[in-house]
$ cat model_4.txt   # compact mmCIF, C-alpha atoms
# COMPACT_ATOMS: atom_id res chain seq x y z
CA MET C 1 89.30 104.85 86.12
CA ASN C 2 87.78 104.14 82.69
CA ILE C 3 89.82 101.82 80.43
CA LEU C 4 89.27 101.21 76.70
CA LEU C 5 90.71 97.99 75.18
CA VAL C 6 91.02 97.89 71.38
CA ASP C 7 91.80 94.73 69.36
CA ASP C 8 90.33 93.16 66.24
CA GLU C 9 90.48 89.71 67.88
CA LYS C 10 87.55 89.19 70.24
CA MET C 11 89.31 86.36 72.08
CA ILE C 12 92.17 88.71 73.07
CA LEU C 13 89.69 91.36 74.24
CA ASN C 14 87.92 88.79 76.41
CA GLY C 15 91.25 87.64 77.82
CA LEU C 16 92.25 91.20 78.72
CA LYS C 17 88.87 91.80 80.37
CA ARG C 18 89.37 88.67 82.48
CA ILE C 19 92.81 89.92 83.55
CA LEU C 20 91.29 93.21 84.73
CA PHE C 21 88.21 91.69 86.34
CA GLY C 22 87.72 92.29 90.05
CA ASN C 23 89.24 95.78 90.15
CA LYS C 24 87.30 99.02 90.50
CA TRP C 25 88.06 99.98 86.90
CA LYS C 26 85.32 100.33 84.28
CA VAL C 27 86.42 98.44 81.14
CA TYR C 28 85.14 99.19 77.62
CA THR C 29 86.09 97.34 74.42
CA ALA C 30 86.25 98.11 70.70
CA GLU C 31 87.21 95.85 67.77
CA SER C 32 88.57 98.59 65.48
CA GLY C 33 90.04 102.09 65.48
CA PRO C 34 86.88 103.79 64.16
CA GLU C 35 84.76 101.96 66.76
CA ALA C 36 87.13 103.13 69.49
CA LEU C 37 86.94 106.76 68.35
CA GLU C 38 83.16 106.58 68.17
CA LEU C 39 83.01 105.29 71.75
CA MET C 40 85.41 108.00 72.96
CA SER C 41 83.25 110.71 71.37
CA HIS C 42 80.57 110.15 74.03
CA GLN C 43 82.39 108.29 76.84
CA SER C 44 85.16 109.70 79.06
CA ILE C 45 88.26 107.44 78.94
CA ASP C 46 91.37 107.66 81.15
CA LEU C 47 93.49 104.89 79.57
CA ILE C 48 93.39 103.31 76.11
CA ILE C 49 95.28 100.08 75.30
CA SER C 50 95.34 99.33 71.57
CA ASP C 51 96.68 96.47 69.48
CA MET C 52 99.19 97.73 66.91
CA LEU C 53 98.35 95.41 64.01
CA MET C 54 94.71 95.86 63.02
CA PRO C 55 93.14 95.98 59.54
CA GLY C 56 92.17 99.40 58.22
CA MET C 57 93.27 101.86 60.89
CA ASP C 58 96.24 100.31 62.71
CA GLY C 59 97.05 100.96 66.36
CA ALA C 60 99.68 103.62 65.64
CA GLU C 61 97.18 105.64 63.59
CA LEU C 62 94.53 105.26 66.30
CA LEU C 63 96.87 106.40 69.08
CA GLU C 64 98.03 109.34 66.95
CA LYS C 65 94.40 110.47 66.54
CA VAL C 66 93.71 109.98 70.26
CA SER C 67 96.81 112.06 71.12
CA LYS C 68 95.34 114.97 69.15
CA LEU C 69 91.65 114.60 70.01
CA TYR C 70 91.99 113.52 73.67
CA PRO C 71 95.56 114.43 74.72
CA GLY C 72 94.97 113.83 78.44
CA VAL C 73 94.18 110.14 77.89
CA ILE C 74 97.06 107.81 78.82
CA ARG C 75 97.91 105.73 75.73
CA ALA C 76 99.37 102.21 75.64
CA SER C 77 100.22 99.89 72.75
CA LEU C 78 99.79 96.12 72.58
CA SER C 79 102.18 94.43 70.18
CA GLY C 80 104.44 91.55 69.24
CA TYR C 81 107.61 91.53 67.16
CA SER C 82 105.93 91.24 63.76
CA ASP C 83 106.30 94.84 62.54
CA PRO C 84 109.03 96.94 64.22
CA SER C 85 108.21 100.03 62.12
CA ILE C 86 104.62 100.15 63.44
CA THR C 87 105.94 99.43 66.94
CA ILE C 88 108.34 102.40 66.73
CA LYS C 89 105.63 104.69 65.36
CA GLY C 90 103.33 103.48 68.11
CA GLY C 91 106.10 104.32 70.59
CA PHE C 92 105.81 107.98 69.66
CA PHE C 93 102.13 108.10 70.51
CA ALA C 94 101.98 105.46 73.27
CA HIS C 95 103.15 106.24 76.79
CA GLN C 96 103.35 102.53 77.64
CA ALA C 97 103.83 99.32 75.64
CA PHE C 98 102.66 95.79 76.46
CA MET C 99 103.73 92.53 74.86
CA LYS C 100 101.42 89.95 73.33
CA PRO C 101 100.55 87.72 75.10
CA CYS C 102 100.26 89.88 78.22
CA GLU C 103 101.56 88.74 81.56
CA PRO C 104 98.55 89.40 83.85
CA SER C 105 100.63 90.63 86.80
CA VAL C 106 102.58 93.08 84.60
CA ILE C 107 99.57 94.72 82.99
CA LYS C 108 97.66 94.95 86.30
CA HIS C 109 100.69 96.48 88.05
CA GLU C 110 101.16 99.09 85.32
CA ILE C 111 97.47 100.03 85.29
CA GLN C 112 97.49 100.38 89.09
CA ARG C 113 100.55 102.65 88.77
CA ILE C 114 98.77 104.78 86.13
CA ALA C 115 95.67 105.05 88.34
CA GLN C 116 97.82 106.25 91.25
CA LEU C 117 99.59 108.75 88.97
CA LEU C 118 96.29 110.24 87.81
CA ASP C 119 95.21 110.57 91.45
CA LEU C 120 98.45 112.38 92.34
CA PHE C 121 98.27 114.73 89.35
CA PRO C 122 94.53 115.19 88.79
CA ASP C 123 94.59 118.57 87.02
CA ARG C 124 93.05 117.92 83.59
CA VAL C 125 94.38 121.14 82.03
CA ILE C 126 97.96 120.06 82.75
CA GLN C 127 97.26 116.42 81.85
CA ASP C 128 95.96 117.54 78.46
CA ALA C 129 98.92 119.87 77.89
CA ILE C 130 101.54 117.21 78.72
CA GLY C 131 99.57 114.52 76.90
CA THR C 132 100.17 116.32 73.60
CA ILE C 133 103.91 115.70 73.93
CA THR C 134 105.14 112.79 71.81
CA SER C 135 108.78 113.91 71.83
CA LEU C 136 110.73 116.92 73.04
CA PRO C 137 112.52 119.53 70.90
CA ILE C 138 116.04 118.72 69.77
CA PRO C 139 118.63 121.25 68.52
CA PRO C 140 118.97 120.76 64.73
CA LYS C 141 122.80 120.70 64.88
CA LEU C 142 122.81 117.68 67.21
CA PHE C 143 120.10 115.93 65.23
CA PHE C 144 122.07 116.15 61.99
CA ARG C 145 125.28 115.01 63.71
CA VAL C 146 123.54 111.79 64.75
CA LYS C 147 122.03 111.30 61.30
CA ASN C 148 125.40 111.78 59.60
CA LEU C 149 127.10 109.38 62.00
CA LEU C 150 124.46 106.69 61.42
CA ASN C 151 125.07 107.00 57.67
CA GLN C 152 128.79 106.30 58.04
CA PRO C 153 129.71 102.61 57.47
CA ASN C 154 132.38 102.54 60.19
CA SER C 155 130.32 104.17 62.95
CA SER C 156 129.67 102.21 66.15
CA MET C 157 126.84 102.25 68.66
CA HIS C 158 129.34 103.64 71.18
CA ASP C 159 129.94 106.66 68.89
CA VAL C 160 126.19 107.19 68.55
CA ALA C 161 125.71 106.90 72.33
CA GLN C 162 128.33 109.62 72.93
CA ILE C 163 126.37 112.10 70.79
CA VAL C 164 122.96 111.07 72.15
CA ASN C 165 124.34 111.50 75.67
CA GLU C 166 124.73 115.22 74.96
CA ASP C 167 121.02 115.94 74.60
CA PRO C 168 118.24 115.48 77.18
CA SER C 169 115.43 115.21 74.62
CA MET C 170 117.07 112.52 72.52
CA CYS C 171 118.10 110.65 75.69
CA ALA C 172 114.54 110.77 76.97
CA LYS C 173 113.00 109.36 73.79
CA ILE C 174 115.51 106.52 73.37
CA ILE C 175 115.27 105.54 77.06
CA HIS C 176 111.46 105.73 76.75
CA ILE C 177 111.32 103.33 73.80
CA SER C 178 114.03 101.00 75.12
CA ASN C 179 111.99 100.57 78.32
CA ASN C 180 108.93 99.48 76.35
CA ALA C 181 108.17 95.87 77.22
CA ILE C 182 108.85 94.87 73.60
CA PHE C 183 112.55 95.74 73.87
CA ARG C 184 113.23 95.75 77.60
CA GLY C 185 112.85 92.12 78.61
CA GLU C 186 112.91 91.72 82.39
CA LYS C 187 115.55 94.35 83.15
CA GLU C 188 114.90 98.10 83.17
CA VAL C 189 117.25 100.15 80.96
CA ARG C 190 119.06 102.92 82.86
CA SER C 191 121.85 104.09 80.56
CA ILE C 192 122.01 105.34 76.99
CA THR C 193 124.77 102.92 75.97
CA GLU C 194 122.70 100.00 77.23
CA ALA C 195 119.58 101.35 75.50
CA ILE C 196 121.25 101.81 72.11
CA THR C 197 123.00 98.44 72.29
CA ARG C 198 119.72 96.72 73.11
CA LEU C 199 117.73 98.49 70.39
CA GLY C 200 120.32 98.03 67.63
CA SER C 201 121.27 100.34 64.76
CA GLN C 202 118.11 99.79 62.69
CA ILE C 203 115.73 100.64 65.53
CA VAL C 204 117.83 103.67 66.55
CA THR C 205 117.78 104.83 62.91
CA ASN C 206 113.98 104.47 62.89
CA ILE C 207 113.70 106.51 66.11
CA ILE C 208 115.87 109.28 64.64
CA ALA C 209 113.73 109.28 61.49
CA MET C 210 110.56 109.58 63.58
CA LEU C 211 112.13 112.43 65.58
CA GLU C 212 112.74 114.20 62.28
CA ILE C 213 109.05 113.89 61.39
CA TYR C 214 107.50 114.70 64.74
CA SER C 215 109.99 116.82 66.65
CA VAL C 216 112.57 118.71 64.62
CA SER C 217 111.69 121.99 62.96
CA LEU C 218 114.37 124.29 61.59
CA ASN C 219 111.95 127.21 61.95
CA GLU C 220 111.71 126.90 65.73
CA PRO C 221 114.06 129.02 67.87
CA SER C 222 116.61 126.68 69.44
CA LYS C 223 118.65 129.03 71.68
CA GLY C 224 116.71 128.10 74.84
CA ILE C 225 116.92 124.41 74.00
CA GLU C 226 120.68 124.59 73.41
CA ASP C 227 121.24 126.46 76.69
CA ILE C 228 119.40 123.70 78.58
CA GLN C 229 121.34 121.04 76.68
CA GLN C 230 124.75 122.58 77.45
CA HIS C 231 124.01 123.12 81.15
CA SER C 232 122.57 119.61 81.53
CA LEU C 233 125.68 118.10 79.93
CA LYS C 234 127.98 120.02 82.29
CA VAL C 235 125.96 118.90 85.31
CA ALA C 236 125.87 115.27 84.10
CA ASN C 237 129.64 115.17 83.56
CA LEU C 238 130.48 116.67 86.96
CA ALA C 239 127.86 114.67 88.89
CA SER C 240 129.07 111.37 87.41
CA LYS C 241 132.62 112.14 88.60
CA ILE C 242 131.64 112.50 92.27
CA VAL C 243 129.87 109.16 92.72
CA PRO C 244 131.15 105.58 92.99
CA LYS C 245 131.73 103.76 89.70
CA GLU C 246 128.59 101.61 89.99
CA MET C 247 126.43 104.77 90.18
CA ARG C 248 127.98 106.66 87.26
CA ASP C 249 125.66 105.61 84.41
CA THR C 250 122.50 106.34 86.39
CA THR C 251 123.93 109.61 87.73
CA PHE C 252 124.91 110.78 84.25
CA LEU C 253 121.40 110.06 82.98
CA VAL C 254 119.78 111.87 85.94
CA GLY C 255 122.09 114.83 85.25
CA ILE C 256 121.27 114.96 81.55
CA LEU C 257 117.53 114.72 82.35
CA HIS C 258 117.40 116.95 85.45
CA GLN C 259 116.01 119.92 83.47
CA ILE C 260 113.63 117.87 81.33
CA GLY C 261 110.79 119.74 83.04
CA GLU C 262 112.02 122.96 81.39
CA HIS C 263 111.65 121.28 77.99
CA VAL C 264 108.15 120.24 79.02
CA ARG C 265 107.28 123.74 80.21
CA MET C 266 108.48 125.22 76.91
CA LYS C 267 106.20 122.80 75.06
CA VAL C 268 103.09 123.16 77.23
CA ALA C 269 103.35 126.87 78.11
CA PRO C 270 101.21 127.99 75.12
CA ASP C 271 98.41 125.59 76.14
CA LEU C 272 98.61 126.60 79.80
CA MET C 273 98.70 130.29 78.90
CA LYS C 274 95.64 129.83 76.67
CA SER C 275 93.76 128.23 79.59
CA TYR C 276 95.03 130.93 81.96
CA LEU C 277 93.70 133.74 79.74
CA SER C 278 90.53 131.99 78.60
CA PRO C 279 87.29 133.88 79.39
CA HIS C 280 85.71 130.48 80.14
CA THR C 281 87.88 130.23 83.25
CA LYS C 282 87.17 133.79 84.45
CA GLY C 283 86.64 133.86 88.20
CA GLN C 284 88.05 130.36 88.69
CA ASP C 285 91.02 129.57 90.92
CA LYS C 286 94.02 129.52 88.56
CA THR C 287 96.81 129.08 91.09
CA HIS C 288 97.46 125.55 89.77
CA ILE C 289 98.23 126.95 86.30
CA GLU C 290 100.25 129.88 87.70
CA LYS C 291 102.38 127.41 89.66
CA TYR C 292 103.55 125.63 86.52
CA LEU C 293 103.68 128.69 84.25
CA PHE C 294 105.47 131.20 86.43
CA GLN C 295 107.01 129.39 89.40
CA THR C 296 109.81 126.85 89.64
CA ARG C 297 107.76 123.67 89.48
CA SER C 298 109.20 122.35 86.25
CA GLU C 299 110.63 119.25 87.94
CA HIS C 300 107.06 118.14 88.70
CA LEU C 301 106.06 118.59 85.05
CA GLY C 302 109.12 116.57 84.00
CA GLY C 303 108.41 113.90 86.60
CA TYR C 304 104.84 113.49 85.32
CA LEU C 305 106.04 113.08 81.72
CA LEU C 306 108.70 110.54 82.72
CA GLN C 307 106.09 108.61 84.71
CA ILE C 308 103.57 108.34 81.89
CA TRP C 309 106.46 107.42 79.58
CA GLY C 310 107.21 104.47 81.86
CA PHE C 311 110.70 105.43 83.05
CA PRO C 312 112.24 103.42 85.91
CA ILE C 313 111.05 104.76 89.28
CA GLU C 314 114.63 105.30 90.49
CA LEU C 315 115.33 107.71 87.63
CA ILE C 316 112.02 109.56 88.11
CA GLU C 317 112.58 110.02 91.86
CA ASN C 318 116.12 111.31 91.40
CA VAL C 319 115.09 113.74 88.65
CA ALA C 320 112.09 114.97 90.68
CA LEU C 321 114.08 115.44 93.91
CA HIS C 322 117.36 116.80 92.51
CA ASN C 323 116.51 120.31 93.74
CA ASP C 324 115.01 119.36 97.11
CA PRO C 325 117.89 118.91 99.62
CA GLU C 326 115.52 118.42 102.57
CA LYS C 327 114.05 115.33 100.94
CA LEU C 328 117.39 114.12 99.59
CA ILE C 329 118.83 113.84 103.13
CA GLU C 330 116.02 111.48 104.11
CA LYS C 331 117.75 108.72 102.08
CA GLU C 332 121.27 107.51 101.35
CA PHE C 333 123.56 109.50 99.04
CA SER C 334 122.03 109.10 95.57
CA PRO C 335 122.44 110.26 91.96
CA GLY C 336 119.95 113.02 92.79
CA CYS C 337 122.31 114.25 95.54
CA ALA C 338 125.25 114.34 93.12
CA VAL C 339 123.17 116.29 90.58
CA TYR C 340 122.07 118.75 93.27
CA ILE C 341 125.74 119.36 94.18
CA ALA C 342 126.94 119.62 90.56
CA ASN C 343 124.11 121.97 89.59
CA HIS C 344 124.87 124.37 92.46
CA LEU C 345 128.66 124.26 91.96
CA ILE C 346 128.33 125.04 88.25
CA LYS C 347 125.91 127.90 88.96
CA GLY C 348 128.16 129.18 91.75
CA GLU C 349 125.40 128.84 94.34
CA GLU C 350 125.71 127.83 97.99
CA LEU C 351 124.55 124.37 98.98
CA ASN C 352 122.05 123.81 101.76
CA PRO C 353 124.12 123.75 105.04
CA GLU C 354 122.09 120.86 106.52
CA PHE C 355 122.66 118.84 103.35
CA VAL C 356 126.43 119.48 103.51
CA GLU C 357 126.59 118.56 107.21
CA HIS C 358 124.39 115.46 106.83
CA PHE C 359 126.59 113.92 104.13
CA GLN C 360 129.86 115.35 105.64
CA LEU C 361 130.87 117.10 102.42
CA ASP C 362 132.98 120.03 103.73
CA GLU C 363 136.36 118.54 102.75
CA LYS C 364 135.12 117.13 99.43
CA LEU C 365 133.54 120.34 98.11
CA ASN C 366 136.86 122.08 97.35
CA GLU C 367 138.03 119.01 95.44
CA TRP C 368 134.77 118.90 93.43
CA LYS C 369 134.96 122.63 92.70
CA SER C 370 138.33 122.05 91.06
CA LEU C 371 136.73 119.51 88.73

$ encode --input "model_4.txt" --output "structure tokens"
Amino acid sequence: MNILLVDDEKMILNGLKRILFGNKWKVYTAESGPEALELMSHQSIDLIISDMLMPGMDGAELLEKVSKLYPGVIRASLSGYSDPSITIKGGFFAHQAFMKPCEPSVIKHEIQRIAQLLDLFPDRVIQDAIGTITSLPIPPKLFFRVKNLLNQPNSSMHDVAQIVNEDPSMCAKIIHISNNAIFRGEKEVRSITEAITRLGSQIVTNIIAMLEIYSVSLNEPSKGIEDIQQHSLKVANLASKIVPKEMRDTTFLVGILHQIGEHVRMKVAPDLMKSYLSPHTKGQDKTHIEKYLFQTRSEHLGGYLLQIWGFPIELIENVALHNDPEKLIEKEFSPGCAVYIANHLIKGEELNPEFVEHFQLDEKLNEWKSL
């Protein structure tokens, strides 16, 4: 894996290189945004880690350019607390965020995880398509409800959380940013209420403002998005009612995110279709593109996005496995199991008989159907 480190302070670059020394990674350095872009124009890079506060072109601007020029490159920010607005902007173009000074074990662990992810999902066409995503589409009605609520003097973070909980895309972005090292601390954030409380009203307002700039367009058709939103909310509500109290927050979030891959497919389909029809790929094996364009593999697309966005592994696994009963029965009853049940009950579909027998659900199913 080729890594590019960008910082205007040479001492920090040298320190980062020392942290990464001894691994099989090839490490390049640049002391400015323009220098980094020049290097990337002739050198293949898999991961870029950029300081946010640099003279001239700051880190957010650099990562924005990289997202457009080299969308398949995994992007990470390096920042302190000095400028939250740049940090939030960076959060829209960075998949990961690291604190200054960096804890060596943390940064090495994350880079190892990214290297493993790239090995598991090596298709560059799909990497590039998903890499263009900085946020997912949000129905305009919901967006304006949140904005109006934030403008009211008597509104609370609990009120905001209730609205955000209704939409998978907004949930995903707020959980993504709240799990950045800058805001997270030592504990992973696994519920929207916890995320919004930790971020605070000003940061949440900034995120909503950035969503307005980068995600919301009143000219885009929103019917498909709203259908996904409504179904996801129904599944999340039912699934969270059939688990123990200590699992409810995580289960609700898995339910609201279980179709996030459909959002991803809607966003990347034009890019995948372009590659599928391209004369440059004539005669090549295109089954990998067909699989994600025309077959039900959207949970894998969603899982990849959540992984590069740095979501907690527990959430990613439950979202990715929610429609795979054979794998769900290999572990204890989980939020993914509850979402699988809720999704099938709401659709009126039969559950896998082995799944029902394994978890001894026969008597409970009638009760859950009534919910």

$ atom_distance --input "model_4.txt" --atom1 "atom CA of C:Asn323" --atom2 "atom CA of C:Gly348"
14.8 Å

$ residues_around --input "model_4.txt" --residues "stretch 354-366 of chain C" --least-positions-apart "4" --cutoff "10 Å" --atoms "all atoms listed in the file" --output "MDAnalysis selection string"
chainID C and resid 242 324:330 332:333 337 341 345 370:371

$ atom_distance --input "model_4.txt" --atom1 "atom CA of C:Thr197" --atom2 "atom CA of C:Glu299"
28.8 Å

$ closest_residue --input "model_4.txt" --among "C:Pro244, C:Pro335, C:Pro104, C:Pro153" --to "C:Leu16" --atoms "all atoms listed in the file"
C:Pro104

$ residues_near_point --input "model_4.txt" --point "(97.7, 126.1, 75.2)" --cutoff "12 Å" --atoms "only C-alpha atoms" --output "short mmCIF file (atom, residue, chain, number, x, y, z; two decimals) with C-alpha atoms, in the frame of the given file"
data_model
loop_
_atom_site.label_atom_id
_atom_site.label_comp_id
_atom_site.auth_asym_id
_atom_site.auth_seq_id
_atom_site.Cartn_x
_atom_site.Cartn_y
_atom_site.Cartn_z
CA PRO C 71 95.56 114.43 74.72
CA VAL C 125 94.38 121.14 82.03
CA ILE C 126 97.96 120.06 82.75
CA GLN C 127 97.26 116.42 81.85
CA ASP C 128 95.96 117.54 78.46
CA ALA C 129 98.92 119.87 77.89
CA ILE C 130 101.54 117.21 78.72
CA GLY C 131 99.57 114.52 76.90
CA THR C 132 100.17 116.32 73.60
CA ARG C 265 107.28 123.74 80.21
CA MET C 266 108.48 125.22 76.91
CA LYS C 267 106.20 122.80 75.06
CA VAL C 268 103.09 123.16 77.23
CA ALA C 269 103.35 126.87 78.11
CA PRO C 270 101.21 127.99 75.12
CA ASP C 271 98.41 125.59 76.14
CA LEU C 272 98.61 126.60 79.80
CA MET C 273 98.70 130.29 78.90
CA LYS C 274 95.64 129.83 76.67
CA SER C 275 93.76 128.23 79.59
CA TYR C 276 95.03 130.93 81.96
CA LEU C 277 93.70 133.74 79.74
CA SER C 278 90.53 131.99 78.60
CA ILE C 289 98.23 126.95 86.30
CA LEU C 293 103.68 128.69 84.25
#

$ residues_near_point --input "model_4.txt" --point "(81.9, 106.3, 73.5)" --cutoff "12 Å" --atoms "all atoms listed in the file" --output "MDAnalysis selection string"
chainID C and resid 2:4 27:30 34:45

$ write_last_selection --input "model_4.txt" --atoms "C-alpha atoms" --output "PDB file, in the frame of the given file"
ATOM      1  CA  ASN C   2      87.780 104.140  82.690  1.00  0.00           C
ATOM      2  CA  ILE C   3      89.820 101.820  80.430  1.00  0.00           C
ATOM      3  CA  LEU C   4      89.270 101.210  76.700  1.00  0.00           C
ATOM      4  CA  VAL C  27      86.420  98.440  81.140  1.00  0.00           C
ATOM      5  CA  TYR C  28      85.140  99.190  77.620  1.00  0.00           C
ATOM      6  CA  THR C  29      86.090  97.340  74.420  1.00  0.00           C
ATOM      7  CA  ALA C  30      86.250  98.110  70.700  1.00  0.00           C
ATOM      8  CA  PRO C  34      86.880 103.790  64.160  1.00  0.00           C
ATOM      9  CA  GLU C  35      84.760 101.960  66.760  1.00  0.00           C
ATOM     10  CA  ALA C  36      87.130 103.130  69.490  1.00  0.00           C
ATOM     11  CA  LEU C  37      86.940 106.760  68.350  1.00  0.00           C
ATOM     12  CA  GLU C  38      83.160 106.580  68.170  1.00  0.00           C
ATOM     13  CA  LEU C  39      83.010 105.290  71.750  1.00  0.00           C
ATOM     14  CA  MET C  40      85.410 108.000  72.960  1.00  0.00           C
ATOM     15  CA  SER C  41      83.250 110.710  71.370  1.00  0.00           C
ATOM     16  CA  HIS C  42      80.570 110.150  74.030  1.00  0.00           C
ATOM     17  CA  GLN C  43      82.390 108.290  76.840  1.00  0.00           C
ATOM     18  CA  SER C  44      85.160 109.700  79.060  1.00  0.00           C
ATOM     19  CA  ILE C  45      88.260 107.440  78.940  1.00  0.00           C
TER      20      ILE C  45
END

$ closest_residue --input "model_4.txt" --among "C:Ile208, C:Asp8, C:Ile19, C:Ala76" --to "C:Gly56" --atoms "all atoms listed in the file"
C:Asp8

$ atom_distance --input "model_4.txt" --atom1 "atom CA of C:Cys102" --atom2 "atom CA of C:Met170"
28.8 Å

$ residues_around --input "model_4.txt" --residues "C:Ala172" --least-positions-apart "6" --cutoff "12 Å" --atoms "only C-alpha atoms" --output "VMD selection string"
chain C and resid 92 134 to 138 164 to 166 178 to 179 189 to 192 195 207 211 253 to 261 263 to 264 302 to 303 305 to 307 309 to 312 315 to 316

$ closest_residue --input "model_4.txt" --among "C:Asn206, C:Gln96, C:Ser232, C:Gln112" --to "C:Lys147" --atoms "all atoms listed in the file"
C:Asn206

$ decode --input "model_4.txt" --residues "stretch 19-68 of chain C" --atoms "C-alpha atoms" --output "compact mmCIF listing (two decimals), in the first residue's frame"
# COMPACT_ATOMS: atom_id res chain seq x y z
CA ILE C 19 5.53 5.62 13.40
CA LEU C 20 4.97 3.77 10.11
CA PHE C 21 8.53 2.49 9.78
CA GLY C 22 8.99 -1.28 9.65
CA ASN C 23 5.76 -2.08 7.80
CA LYS C 24 5.49 -3.11 4.17
CA TRP C 25 3.91 0.22 3.24
CA LYS C 26 5.63 2.69 0.89
CA VAL C 27 5.47 6.16 2.49
CA TYR C 28 5.67 9.44 0.53
CA THR C 29 5.62 12.95 2.00
CA ALA C 30 4.62 16.44 0.85
CA GLU C 31 4.82 19.78 2.69
CA SER C 32 1.88 21.47 0.94
CA GLY C 33 -1.33 20.77 -0.95
CA PRO C 34 0.08 21.68 -4.39
CA GLU C 35 3.14 19.48 -3.75
CA ALA C 36 0.87 16.59 -2.80
CA LEU C 37 -1.22 16.96 -5.97
CA GLU C 38 1.92 17.14 -8.09
CA LEU C 39 3.19 13.89 -6.54
CA MET C 40 -0.18 12.18 -7.05
CA SER C 41 -0.18 13.15 -10.74
CA HIS C 42 2.60 10.63 -11.42
CA GLN C 43 2.53 8.29 -8.40
CA SER C 44 -0.27 5.86 -7.49
CA ILE C 45 -1.47 6.47 -3.90
CA ASP C 46 -3.86 4.30 -1.85
CA LEU C 47 -4.15 6.44 1.30
CA ILE C 48 -3.55 10.15 1.89
CA ILE C 49 -3.29 11.63 5.42
CA SER C 50 -3.33 15.43 5.40
CA ASP C 51 -2.99 18.08 8.08
CA MET C 52 -6.04 20.37 8.13
CA LEU C 53 -4.34 23.68 8.97
CA MET C 54 -1.78 24.51 6.29
CA PRO C 55 -0.97 27.88 4.67
CA GLY C 56 -2.32 28.45 1.17
CA MET C 57 -4.33 25.34 0.34
CA ASP C 58 -5.62 23.91 3.63
CA GLY C 59 -6.24 20.21 4.23
CA ALA C 60 -9.98 20.39 3.55
CA GLU C 61 -9.37 21.96 0.13
CA LEU C 62 -6.71 19.36 -0.66
CA LEU C 63 -8.94 16.42 0.30
CA GLU C 64 -11.82 17.91 -1.70
CA LYS C 65 -9.59 18.05 -4.80
CA VAL C 66 -8.33 14.50 -4.19
CA SER C 67 -11.94 13.27 -3.85
CA LYS C 68 -12.66 14.57 -7.35
